[in-house]
Amino acid sequence: MKTYFLLPLLALLAMPASAAKMTMPSDAPKSYEAECASCHMAYPPGLLGQKNWQNIMSGLDKHFGTDASIDAKTESEISQWLLKNAATKQKYSAFAPENRITKAPWFIRKHDEVRSDVWKRAGVKSPANCSACHADATKGNFDEDSIRIPAK
Amino acid sequence: MAFVSFIGPAYAATPPELLKGYEAQSSKASPARGEQFFNAKHGKEWSCASCHENPPNHDTKHIVTGKVIKPLSPNVNAERFVDQAKVEKWFKRNCNDVLARECTAQEKADVLSWLMIVK
């Protein structure tokens, strides 16, 4: 009888741990850092599903208000790697509106305690600036214990 | 254009070499004109200085994402303007963002000639 209560509890406890790790695959092509991480951090591919990555990579000349175009060879190299490592679990691969990580259902749920003025602080600037609060974001570590929210 | 898809040391260059190349396609560069161009808006929301600041001789932050951008002046940052393909790629992207078109060789020459004297 006890296990009926214990099992859901265990599942619940396991959730934050699985969400906190979005490991950066070790086989990222050099071009990913060079081409994609000049203006923003190198997002781990597991933060979006395949359809979102496909959309992003096919519209780089109009990339969230900027021209991020790259040559065809590099584009195909990065695309293949992103698709291979895209989120597969239903929770993270669910379509993110506008192809924005910050509009994915899981992202919104995870950040629902963050007040709107916090996002606007100079030290944060944008919800896309993961590293502002998640010190080890570039390593794919979003663990709640390592969150440091800038005071200004 | 063939050189765009070619990445590697074969396109290693120096800032004066790149400047000479742009001047060859236009006319003599004007640092004063380059400074003005760099700091002005050109019909869109951003200027070059929106992200690189003025003078671009220190770490700055991307106006939207907050990501740190290394200094743009080759006097301060030896990695700037030493790879032709990289320079062309960024002129294309950023000119589109600031001017909604590609920059002319004259504009590139002017801006680069100013960046080379930014201390």
# chains A, B, ... in the order shown; residues from 1 in each chain; ligands from 1
>>> residues_around(residues="segment 40-54 of chain B", least_positions_apart="2", cutoff="9 Å", atoms="only C-alpha atoms", output="number ranges by chain")
B: 35-38, 56-64, 69-72, 94-95, 97-100
>>> closest_atom_pairs(of="chain A", to="chain B", cutoff="8 Å", atoms="only C-alpha atoms", output="Markdown table")
| residue | atom | partner | partner_atom | distance |
| --- | --- | --- | --- | --- |
| A:Ser38 | CA | B:Ile69 | CA | 7.4 |
| A:Cys39 | CA | B:Lys67 | CA | 5.9 |
| A:His40 | CA | B:Lys67 | CA | 5.4 |
| A:Met41 | CA | B:Lys67 | CA | 7.1 |
| A:Gly65 | CA | B:Asp97 | CA | 7.7 |
| A:Thr66 | CA | B:Asp97 | CA | 5.6 |
| A:Asp67 | CA | B:Arg93 | CA | 4.8 |
| A:Ala68 | CA | B:Arg93 | CA | 5.9 |
| A:Ser69 | CA | B:Arg93 | CA | 6.8 |
| A:Ile70 | CA | B:Lys89 | CA | 7.6 |
| A:Asp71 | CA | B:Ser5 | CA | 5.7 |
| A:Ala72 | CA | B:Ser5 | CA | 7.6 |
| A:Lys73 | CA | B:Ser5 | CA | 7.2 |
| A:Gly123 | CA | B:Gly66 | CA | 8.0 |
| A:Val124 | CA | B:Gly66 | CA | 7.3 |
| A:Lys125 | CA | B:Gly66 | CA | 5.9 |
| A:Ser126 | CA | B:Thr65 | CA | 5.7 |
| A:Ala128 | CA | B:Thr65 | CA | 6.4 |
| A:Asn129 | CA | B:Thr65 | CA | 5.7 |
>>> residues_around(residues="Gly21 of chain B", least_positions_apart="3", cutoff="12 Å", atoms="only C-alpha atoms", output="list in words")
Ala13, Thr14, Pro15, Pro16, Glu17, Leu18, Ala24, Gln25, Ser26, Ser27, Lys28, Ala29, Gln84, Glu88, Ala105, Gln106, Lys108, Ala109, Leu112 and Ser113 of chain B
>>> residues_around(residues="segment 76-79 of chain A", least_positions_apart="2", cutoff="12 Å", atoms="only C-alpha atoms", output="count of residues only")
34
>>> residues_around(residues="Thr138 of chain A", least_positions_apart="5", cutoff="9 Å", atoms="only C-alpha atoms", output="list in words")
Thr23, Met24, Met41, Ala42, Tyr43, Pro44, Cys130 and Ser131 of chain A
>>> atom_distance(atom1="atom CA of Lys139 of chain A", atom2="atom CA of Lys103 of chain A")
21.5 Å
>>> select_by_dssp(residues="segment 13-63 of chain B", states="helix (DSSP H, G or I)", output="ChimeraX atom specification")
/B:15-24,31-39,49-52
>>> atom_distance(atom1="atom CA of Ala151 of chain A", atom2="atom CA of Arg109 of chain A")
22.4 Å
>>> select_by_dssp(residues="chain B", states="strand (DSSP E or B)", output="PDB file with N, CA and C atoms, in the first residue's frame")
ATOM      1  N   ALA B  12      44.229  34.531 -43.752  1.00  0.00           N
ATOM      2  CA  ALA B  12      44.835  35.355 -42.719  1.00  0.00           C
ATOM      3  C   ALA B  12      45.265  36.667 -43.345  1.00  0.00           C
ATOM      4  N   THR B  60      32.194  44.991 -24.337  1.00  0.00           N
ATOM      5  CA  THR B  60      30.865  45.596 -24.310  1.00  0.00           C
ATOM      6  C   THR B  60      29.826  44.474 -24.267  1.00  0.00           C
ATOM      7  N   LYS B  61      28.558  44.880 -24.220  1.00  0.00           N
ATOM      8  CA  LYS B  61      27.508  43.862 -24.165  1.00  0.00           C
ATOM      9  C   LYS B  61      26.543  43.997 -25.330  1.00  0.00           C
ATOM     10  N   VAL B  68      28.764  39.202 -23.695  1.00  0.00           N
ATOM     11  CA  VAL B  68      29.953  40.058 -23.793  1.00  0.00           C
ATOM     12  C   VAL B  68      30.535  39.995 -25.202  1.00  0.00           C
ATOM     13  N   ILE B  69      30.838  41.167 -25.745  1.00  0.00           N
ATOM     14  CA  ILE B  69      31.490  41.284 -27.048  1.00  0.00           C
ATOM     15  C   ILE B  69      32.888  41.838 -26.812  1.00  0.00           C
ATOM     16  N   ASP B  83      41.213  37.997 -40.353  1.00  0.00           N
ATOM     17  CA  ASP B  83      40.662  36.869 -41.099  1.00  0.00           C
ATOM     18  C   ASP B  83      39.603  37.426 -42.049  1.00  0.00           C
TER      19      ASP B  83
END
>>> closest_residue(among="B:Trp114, B:Arg33, B:Lys119, B:Arg101", to="Asn75 of chain B", atoms="only C-alpha atoms")
B:Lys119
>>> atom_distance(atom1="atom CA of Ala37 of chain A", atom2="atom CA of Asp117 of chain A")
26.1 Å
